[in-house]
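So this block is model14.txt, compact mmCIF, C-alpha atoms:
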# COMPACT_ATOMS: atom_id res chain seq x y z
CA MET A 1 -2.21 23.62 -5.44
CA THR A 2 -2.05 23.78 -1.64
CA GLN A 3 0.24 26.54 -0.42
CA PRO A 4 3.00 25.65 2.09
CA PRO A 5 1.54 27.72 4.99
CA ALA A 6 -1.67 25.70 4.76
CA LEU A 7 0.35 22.52 5.27
CA VAL A 8 2.16 23.55 8.46
CA SER A 9 -0.43 22.58 11.09
CA GLY A 10 -1.05 19.09 9.71
CA LEU A 11 2.63 18.44 9.10
CA MET A 12 3.53 19.53 12.62
CA LEU A 13 0.82 17.32 14.10
CA SER A 14 2.02 14.33 12.04
CA ALA A 15 5.63 15.07 13.00
CA ALA A 16 4.69 15.22 16.68
CA VAL A 17 3.00 11.83 16.49
CA GLY A 18 6.01 10.47 14.62
CA LEU A 19 8.41 11.77 17.29
CA VAL A 20 6.36 10.07 20.01
CA ALA A 21 6.48 6.84 17.96
CA PHE A 22 10.28 7.09 17.71
CA GLY A 23 10.45 7.76 21.44
CA LEU A 24 8.34 4.72 22.27
CA GLY A 25 10.46 2.59 19.94
CA ASP A 26 13.61 3.76 21.71
CA LEU A 27 11.99 2.99 25.07
CA GLU A 28 11.22 -0.54 23.87
CA VAL A 29 14.88 -1.06 22.95
CA ARG A 30 16.03 0.20 26.37
CA LEU A 31 13.56 -2.00 28.25
CA PHE A 32 13.49 -5.17 26.16
CA GLY A 33 16.62 -5.02 24.02
CA ARG A 34 14.66 -4.65 20.79
CA ALA A 35 11.65 -2.82 19.37
CA TRP A 36 8.87 -5.41 19.31
CA ILE A 37 6.58 -2.86 17.66
CA GLU A 38 8.44 -0.73 15.13
CA PRO A 39 8.03 3.08 15.12
CA LEU A 40 6.39 2.74 11.72
CA VAL A 41 3.57 0.67 13.21
CA LEU A 42 3.47 2.70 16.42
CA ALA A 43 2.94 5.85 14.36
CA ILE A 44 -0.14 4.34 12.70
CA LEU A 45 -1.53 3.11 16.02
CA LEU A 46 -1.02 6.47 17.70
CA GLY A 47 -2.63 8.27 14.79
CA VAL A 48 -5.66 5.98 14.84
CA LEU A 49 -6.01 6.31 18.63
CA ILE A 50 -5.93 10.09 18.34
CA ARG A 51 -8.51 10.01 15.56
CA LEU A 52 -10.83 7.85 17.69
CA VAL A 53 -11.05 10.52 20.39
CA TRP A 54 -10.45 13.68 18.34
CA THR A 55 -10.97 14.61 14.71
CA PRO A 56 -8.38 17.18 13.52
CA GLY A 57 -10.07 20.33 12.24
CA PRO A 58 -9.95 21.76 8.71
CA ARG A 59 -6.68 23.61 9.29
CA PHE A 60 -4.92 20.29 9.93
CA GLN A 61 -6.32 18.41 6.95
CA PRO A 62 -4.13 19.77 4.10
CA GLY A 63 -0.91 18.92 5.96
CA ILE A 64 -2.16 15.49 7.03
CA LYS A 65 -3.19 14.61 3.48
CA PHE A 66 0.11 15.93 2.11
CA ALA A 67 2.12 13.82 4.56
CA ALA A 68 0.01 10.69 3.98
CA LYS A 69 0.35 10.93 0.20
CA SER A 70 3.17 13.15 -1.09
CA VAL A 71 5.68 12.56 1.73
CA LEU A 72 5.02 8.84 1.54
CA GLU A 73 5.51 8.83 -2.22
CA VAL A 74 8.86 10.60 -1.80
CA ALA A 75 9.89 7.94 0.73
CA VAL A 76 8.98 5.15 -1.69
CA ALA A 77 10.86 6.86 -4.53
CA LEU A 78 14.00 7.21 -2.40
CA LEU A 79 13.74 3.58 -1.33
CA GLY A 80 14.98 2.65 -4.81
CA ALA A 81 18.43 3.91 -3.87
CA THR A 82 18.61 1.39 -1.00
CA VAL A 83 17.67 -1.71 -3.00
CA SER A 84 20.67 -3.76 -4.05
CA ALA A 85 21.08 -5.07 -7.58
CA GLN A 86 21.74 -8.48 -6.04
CA ALA A 87 18.28 -8.52 -4.50
CA LEU A 88 16.74 -7.75 -7.86
CA ALA A 89 18.83 -10.37 -9.64
CA SER A 90 18.03 -13.01 -7.04
CA ALA A 91 14.30 -12.44 -7.60
CA GLY A 92 14.62 -13.49 -11.23
CA LEU A 93 12.01 -14.34 -13.84
CA PRO A 94 10.28 -17.09 -11.81
CA LEU A 95 9.31 -14.58 -9.14
CA LEU A 96 8.11 -12.06 -11.72
CA ALA A 97 6.05 -14.76 -13.43
CA GLY A 98 4.67 -15.74 -10.05
CA VAL A 99 3.52 -12.16 -9.44
CA VAL A 100 1.72 -12.05 -12.80
CA VAL A 101 -0.07 -15.33 -12.08
CA PHE A 102 -0.90 -14.23 -8.55
CA VAL A 103 -2.48 -10.95 -9.70
CA ALA A 104 -4.56 -12.77 -12.32
CA VAL A 105 -5.77 -15.33 -9.76
CA ALA A 106 -6.41 -12.62 -7.16
CA LEU A 107 -8.56 -10.67 -9.62
CA GLY A 108 -10.59 -13.75 -10.44
CA VAL A 109 -11.02 -14.77 -6.82
CA GLY A 110 -11.92 -11.24 -5.71
CA TYR A 111 -14.47 -10.83 -8.48
CA GLY A 112 -15.98 -14.26 -7.72
CA ILE A 113 -16.33 -13.46 -4.01
CA GLY A 114 -17.97 -10.12 -4.80
CA LYS A 115 -20.48 -11.70 -7.17
CA ALA A 116 -21.22 -14.50 -4.69
CA LEU A 117 -22.11 -11.83 -2.13
CA GLY A 118 -24.46 -10.15 -4.57
CA LEU A 119 -22.35 -7.17 -5.60
CA PRO A 120 -22.87 -5.65 -9.08
CA ASP A 121 -20.21 -6.36 -11.72
CA ARG A 122 -18.51 -2.98 -11.44
CA MET A 123 -18.38 -2.94 -7.64
CA ALA A 124 -17.01 -6.50 -7.62
CA ILE A 125 -14.29 -5.46 -10.09
CA LEU A 126 -13.37 -2.39 -8.02
CA ILE A 127 -12.95 -4.47 -4.86
CA ALA A 128 -11.01 -7.17 -6.73
CA ALA A 129 -8.67 -4.66 -8.39
CA GLY A 130 -8.04 -2.80 -5.14
CA ASN A 131 -7.10 -5.99 -3.32
CA ALA A 132 -5.15 -7.61 -6.15
CA ILE A 133 -3.06 -4.64 -7.30
CA CYS A 134 -2.60 -1.49 -5.23
CA GLY A 135 -5.61 -0.45 -3.18
CA ASN A 136 -7.06 3.01 -3.74
CA SER A 137 -4.78 3.78 -6.68
CA ALA A 138 -6.05 0.73 -8.56
CA ILE A 139 -9.65 1.59 -7.73
CA ALA A 140 -9.16 5.16 -8.98
CA ALA A 141 -7.49 3.94 -12.20
CA VAL A 142 -9.98 1.16 -12.94
CA ALA A 143 -13.13 3.21 -12.17
CA PRO A 144 -13.19 5.30 -15.38
CA VAL A 145 -12.26 2.28 -17.49
CA ILE A 146 -15.33 0.28 -16.37
CA ARG A 147 -17.55 3.38 -15.95
CA ALA A 148 -18.09 2.78 -12.22
CA GLU A 149 -20.51 5.03 -10.39
CA GLY A 150 -19.21 7.59 -7.93
CA ARG A 151 -20.92 6.07 -4.91
CA ASP A 152 -19.39 2.66 -5.66
CA VAL A 153 -15.92 4.18 -5.99
CA ALA A 154 -16.33 6.10 -2.72
CA ALA A 155 -17.51 2.98 -0.86
CA ALA A 156 -14.65 0.85 -2.20
CA ILE A 157 -12.02 3.47 -1.35
CA ALA A 158 -13.43 4.14 2.13
CA PHE A 159 -13.22 0.51 3.15
CA THR A 160 -9.86 -0.08 1.46
CA ALA A 161 -8.34 2.75 3.53
CA VAL A 162 -9.41 1.06 6.76
CA MET A 163 -8.51 -2.47 5.63
CA GLY A 164 -5.09 -1.30 4.48
CA VAL A 165 -4.19 -0.20 7.98
CA ILE A 166 -5.55 -3.43 9.50
CA VAL A 167 -3.44 -5.59 7.15
CA VAL A 168 -0.30 -3.53 7.90
CA LEU A 169 -0.83 -4.03 11.64
CA LEU A 170 -1.67 -7.75 11.61
CA LEU A 171 0.76 -9.12 9.02
CA PRO A 172 4.06 -8.65 10.96
CA PRO A 173 2.84 -10.59 14.04
CA LEU A 174 1.66 -13.36 11.71
CA GLY A 175 5.07 -13.59 10.03
CA MET A 176 6.87 -13.61 13.37
CA ALA A 177 4.55 -16.26 14.82
CA LEU A 178 5.20 -18.51 11.82
CA GLY A 179 8.95 -17.95 12.01
CA MET A 180 9.20 -16.84 8.38
CA SER A 181 12.55 -15.83 6.90
CA GLN A 182 13.00 -12.26 5.73
CA PRO A 183 12.81 -13.07 1.99
CA SER A 184 9.72 -15.25 2.42
CA TYR A 185 7.98 -12.66 4.54
CA GLY A 186 8.93 -9.97 2.03
CA VAL A 187 7.15 -11.93 -0.70
CA LEU A 188 4.11 -12.38 1.56
CA ALA A 189 3.94 -8.67 2.36
CA GLY A 190 4.54 -7.66 -1.25
CA LEU A 191 1.74 -9.89 -2.48
CA THR A 192 -0.89 -8.96 0.11
CA VAL A 193 -0.41 -5.38 1.33
CA TYR A 194 -2.59 -2.91 -0.55
CA ALA A 195 -0.46 0.14 -1.34
CA VAL A 196 3.24 0.45 -2.19
CA PRO A 197 4.01 2.77 0.76
CA GLN A 198 2.27 0.48 3.24
CA VAL A 199 4.76 -2.27 2.40
CA LEU A 200 7.35 -0.22 4.27
CA ALA A 201 5.34 -0.40 7.45
CA ALA A 202 4.38 -4.06 7.03
CA ALA A 203 7.85 -5.34 6.08
CA ALA A 204 10.14 -3.19 8.25
CA PRO A 205 9.54 -5.14 11.50
CA MET A 206 11.05 -8.27 9.87
CA GLY A 207 14.25 -6.58 8.67
CA PRO A 208 15.86 -4.81 5.69
CA VAL A 209 15.83 -7.83 3.35
CA ALA A 210 12.09 -8.25 3.90
CA LEU A 211 11.65 -4.56 3.14
CA GLN A 212 13.61 -4.73 -0.12
CA VAL A 213 11.95 -7.93 -1.35
CA GLY A 214 8.51 -6.67 -0.35
CA ALA A 215 9.02 -3.40 -2.22
CA LEU A 216 10.17 -5.20 -5.38
CA ILE A 217 7.24 -7.61 -5.33
CA LYS A 218 4.76 -4.83 -4.69
CA LEU A 219 6.17 -2.71 -7.51
CA ALA A 220 5.77 -5.68 -9.86
CA ARG A 221 2.11 -5.89 -8.79
CA VAL A 222 1.58 -2.18 -9.41
CA LEU A 223 3.07 -2.43 -12.89
CA MET A 224 0.28 -4.93 -13.67
CA LEU A 225 -2.19 -2.05 -13.44
CA GLY A 226 -1.59 -0.99 -17.04
CA PRO A 227 -2.28 -4.40 -18.63
CA VAL A 228 -5.26 -4.96 -16.31
CA CYS A 229 -6.79 -1.60 -17.26
CA PHE A 230 -6.30 -2.45 -20.94
CA VAL A 231 -8.09 -5.80 -20.59
CA LEU A 232 -10.91 -4.30 -18.51
CA GLY A 233 -11.33 -1.60 -21.15
CA LEU A 234 -12.02 -4.35 -23.70
CA LEU A 235 -14.45 -6.10 -21.36
CA ALA A 236 -16.26 -2.97 -20.12
CA PRO A 237 -18.97 -2.95 -22.82
CA ARG A 238 -20.05 -6.43 -21.71
CA LEU A 239 -20.58 -5.47 -18.07
CA GLU A 240 -24.09 -5.08 -16.71
CA GLY A 241 -25.13 -1.44 -16.64
CA VAL A 242 -27.28 1.29 -18.08
CA ALA A 243 -27.74 1.41 -21.84
CA GLY A 244 -26.34 4.40 -23.66
CA GLU A 245 -23.41 4.93 -21.32
CA ALA A 246 -20.55 7.01 -22.64
CA PRO A 247 -17.54 5.06 -23.94
CA SER A 248 -15.02 4.14 -21.30
CA ARG A 249 -11.77 6.05 -21.16
CA ARG A 250 -8.45 4.59 -20.16
CA PRO A 251 -6.38 6.32 -17.49
CA GLY A 252 -3.25 8.18 -18.54
CA LEU A 253 0.24 6.77 -18.21
CA ARG A 254 0.85 8.75 -15.01
CA HIS A 255 -2.00 6.85 -13.33
CA MET A 256 -0.81 3.44 -14.50
CA VAL A 257 2.85 4.17 -13.65
CA PRO A 258 2.91 6.77 -10.84
CA TRP A 259 5.89 9.14 -10.70
CA PHE A 260 7.30 7.65 -7.52
CA ILE A 261 7.47 4.19 -9.06
CA ALA A 262 9.35 5.62 -12.04
CA VAL A 263 11.82 7.39 -9.72
CA PHE A 264 12.18 4.21 -7.63
CA LEU A 265 13.17 2.27 -10.75
CA ILE A 266 15.58 5.01 -11.90
CA LEU A 267 17.32 5.10 -8.52
CA LEU A 268 17.43 1.31 -8.45
CA ALA A 269 19.23 1.41 -11.82
CA VAL A 270 21.62 4.11 -10.56
CA ARG A 271 22.42 1.97 -7.53
CA SER A 272 22.92 -1.05 -9.78
CA PHE A 273 25.55 0.84 -11.79
CA GLY A 274 27.42 1.58 -8.57
CA TRP A 275 26.83 5.34 -8.63
CA ILE A 276 25.32 5.19 -5.13
CA ASP A 277 27.72 3.65 -2.63
CA GLU A 278 26.83 1.79 0.56
CA ASN A 279 27.33 4.81 2.85
CA LEU A 280 25.08 7.06 0.79
CA ALA A 281 22.51 4.29 0.48
CA ALA A 282 22.52 3.87 4.27
CA SER A 283 22.02 7.61 4.78
CA ILE A 284 19.15 7.65 2.30
CA GLY A 285 17.68 4.65 4.10
CA GLU A 286 17.62 6.57 7.39
CA GLY A 287 15.89 9.45 5.62
CA VAL A 288 13.34 7.06 4.19
CA LYS A 289 12.62 5.75 7.68
CA VAL A 290 11.99 9.26 9.07
CA LEU A 291 9.75 10.25 6.16
CA THR A 292 7.82 6.99 6.39
CA VAL A 293 7.15 7.32 10.12
CA LEU A 294 5.89 10.86 9.51
CA ALA A 295 3.64 9.60 6.73
CA MET A 296 2.38 6.63 8.76
CA ALA A 297 1.37 9.00 11.54
CA ALA A 298 -0.60 11.02 9.00
CA LEU A 299 -2.12 7.84 7.59
CA GLY A 300 -3.38 6.94 11.06
CA LEU A 301 -4.71 10.44 11.63
CA GLY A 302 -6.57 10.21 8.33
CA VAL A 303 -8.38 6.94 9.06
CA ASP A 304 -12.13 7.41 9.27
CA PRO A 305 -13.49 5.25 12.13
CA GLN A 306 -16.88 5.22 10.43
CA GLY A 307 -15.44 3.97 7.13
CA LEU A 308 -16.44 0.37 7.79
CA VAL A 309 -20.04 1.37 8.48
CA ARG A 310 -20.39 3.64 5.45
CA ALA A 311 -18.92 1.09 3.08
CA GLY A 312 -21.74 -1.35 3.70
CA PRO A 313 -21.78 -4.95 4.96
CA ARG A 314 -21.49 -6.66 1.57
CA VAL A 315 -18.55 -4.51 0.48
CA ALA A 316 -16.95 -5.08 3.88
CA ALA A 317 -17.47 -8.83 3.66
CA ALA A 318 -16.09 -8.97 0.10
CA SER A 319 -12.96 -7.03 1.08
CA VAL A 320 -12.28 -9.06 4.23
CA LEU A 321 -12.83 -12.43 2.57
CA THR A 322 -10.69 -11.47 -0.43
CA VAL A 323 -7.81 -10.33 1.78
CA LEU A 324 -7.94 -13.56 3.80
CA VAL A 325 -7.90 -15.66 0.63
CA LEU A 326 -5.01 -13.61 -0.80
CA ILE A 327 -2.95 -14.14 2.35
CA VAL A 328 -3.53 -17.89 2.14
CA LEU A 329 -2.69 -17.96 -1.58
CA ALA A 330 0.44 -15.85 -1.03
CA PHE A 331 2.02 -18.45 1.26
CA GLY A 332 2.65 -20.68 -1.76
CA PRO A 333 4.86 -18.20 -3.65
CA ALA A 334 6.40 -16.97 -0.41
CA LEU A 335 7.67 -20.42 0.51
CA LEU A 336 8.33 -21.91 -2.93
CA LEU A 337 10.00 -19.03 -4.74
CA VAL A 338 12.49 -17.92 -2.09
CA GLY A 339 12.45 -20.72 0.49
CA ALA A 340 10.95 -20.85 3.98
Please re-express this file's structure in structure tokens.
Amino acid sequence: MTQPPALVSGLMLSAAVGLVAFGLGDLEVRLFGRAWIEPLVLAILLGVLIRLVWTPGPRFQPGIKFAAKSVLEVAVALLGATVSAQALASAGLPLLAGVVVFVAVALGVGYGIGKALGLPDRMAILIAAGNAICGNSAIAAVAPVIRAEGRDVAAAIAFTAVMGVIVVLLLPPLGMALGMSQPSYGVLAGLTVYAVPQVLAAAAPMGPVALQVGALIKLARVLMLGPVCFVLGLLAPRLEGVAGEAPSRRPGLRHMVPWFIAVFLILLAVRSFGWIDENLAASIGEGVKVLTVLAMAALGLGVDPQGLVRAGPRVAAASVLTVLVLIVLAFGPALLLVGA
């Protein structure tokens, strides 16, 4: 386990970038009356710009990785305390059913695109699972189930990290240009953004309702990881591969239901019972915003500019095409389930 002193340099660097992002957001409000680019997005952009001209040394890496993963997971967990029971109730069974159907279709479409581009079965499944469910976490969980090779897993994760940031940056302007309502945009973000934490950055520019709806939809997608892994475990022996491979092993419960999702759901239940009042929820929400900006700065600092090149053109093409198709498909549920 990384010791706290080893985390200081990277955390301080991420915090400095986050403070600049907050400062620029405040400057936008003073000049234009509103923040056209939220601090969450500014933090990612600043981090990426810094990474393009300077790669933080080894002493910064533990803190950057800690902020990009652990701090962000804490922020997502605490977000459960800010989600109203009314928002959950208004989503209802139709929306949940829509998420299940969407994930199934997304997996099929992603796999089909990968195969059409000549990718092997296992690589096509990795790309499809990453796009359809929850990015790198899904890739890491699915890999041992289908006995994917290490180089395929590394390539899929490398490109997903870059594409995740691109989607977070481009989706808010798209929603604004189309004049989408907060609930509709929340569904769009929840169905298309890769990782749970990235929904915060993608949905925040459209407002708190978009953030809550997006988080709920995304959590529903993540909870599909368990059933998907189970089905893939049954199909794994039929995949093309080397004879005599060791039997596949399913990931543990902690991989299929990460701790921060469990805490999110617990806090959501606590809020639903009225044990967290509006004032406390608002205070927690402000804390979530600070932690998320810090984590987004670290996420930007951790982006590898060469990731696209290393991933390979066919993997890149499969990921890009799948994301574009998912965005188009997501407009149906976004408009039909909650209204335009």
Could you name the residues that touch Phe22 (chain A) at 10 Å or less, counting all atoms listed in the file, but leaving out those on the same chain fewer than 4 positions away, as a short mmCIF file (atom, residue, chain, number, x, y, z; two decimals) with C-alpha atoms, keeping the file's coordinate frame?
data_model
loop_
_atom_site.label_atom_id
_atom_site.label_comp_id
_atom_site.auth_asym_id
_atom_site.auth_seq_id
_atom_site.Cartn_x
_atom_site.Cartn_y
_atom_site.Cartn_z
CA ALA A 16 4.69 15.22 16.68
CA VAL A 17 3.00 11.83 16.49
CA GLY A 18 6.01 10.47 14.62
CA ASP A 26 13.61 3.76 21.71
CA LEU A 27 11.99 2.99 25.07
CA GLU A 28 11.22 -0.54 23.87
CA GLU A 38 8.44 -0.73 15.13
CA PRO A 39 8.03 3.08 15.12
CA LEU A 40 6.39 2.74 11.72
CA LEU A 42 3.47 2.70 16.42
CA ALA A 43 2.94 5.85 14.36
CA VAL A 290 11.99 9.26 9.07
CA VAL A 293 7.15 7.32 10.12
#
Would you compute the distance between CA of Met296 (chain A) and CA of Ala220 (chain A)? Give it in Å to one decimal.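 Interatomic distance, CA of Met296 (chain A) to CA of Ala220 (chain A): 22.6 Å.
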Using all atoms listed in the file: which of A:Leu335, A:Val315, A:Leu301, A:Ala128 has the shortest distance to Leu49 (chain A):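 Comparing A:Leu335, A:Val315, A:Leu301, A:Ala128 against Leu49 (chain A), the winner is A:Leu301.
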Near Ile327 (chain A), within 10 Å and counting all atoms listed in the file, which residues show up once chain neighbours fewer than 3 positions away are dropped, as a VMD selection string? chain A and resid 167 171 188 to 189 191 to 193 322 to 324 330 to 332
Between A:Val209, A:Leu299, A:Cys229, A:Val199, single out the one closest to Ser14 (chain A), counting all atoms listed in the file. A:Leu299
Measuring atom to atom with only C-alpha atoms, identify which of A:Gly285, A:Pro5, A:Gly226, A:Pro144 is nearest to Pro208 (chain A).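 Looking at the shortest contact to Pro208 (chain A), the residue is A:Gly285.
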So, with only C-alpha atoms as the atoms that count, which of A:Gly312, A:Pro237, A:Gly33, A:Gly214 lies closest to Val99 (chain A)?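 So, comparing all the options, the nearest one is A:Gly214.
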Point-to-point distance from CA of Gly10 (chain A) to CA of Ile139 (chain A), Å rounded to tenths: 26.2 Å
What is the CA of Gly186 (chain A) to CA of Val288 (chain A) distance in Å?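 Between CA of Gly186 (chain A) and CA of Val288 (chain A) the gap is 17.7 Å.
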Please identify all polymer residues within 12 Å of Val41 (chain A), counting only C-alpha atoms, omitting same-chain residues fewer than 2 positions from it, and present them as a PyMOL selection string. chain A and resi 17-18+20-22+24-25+35-39+43-48+165-173+198-205+289+292-300
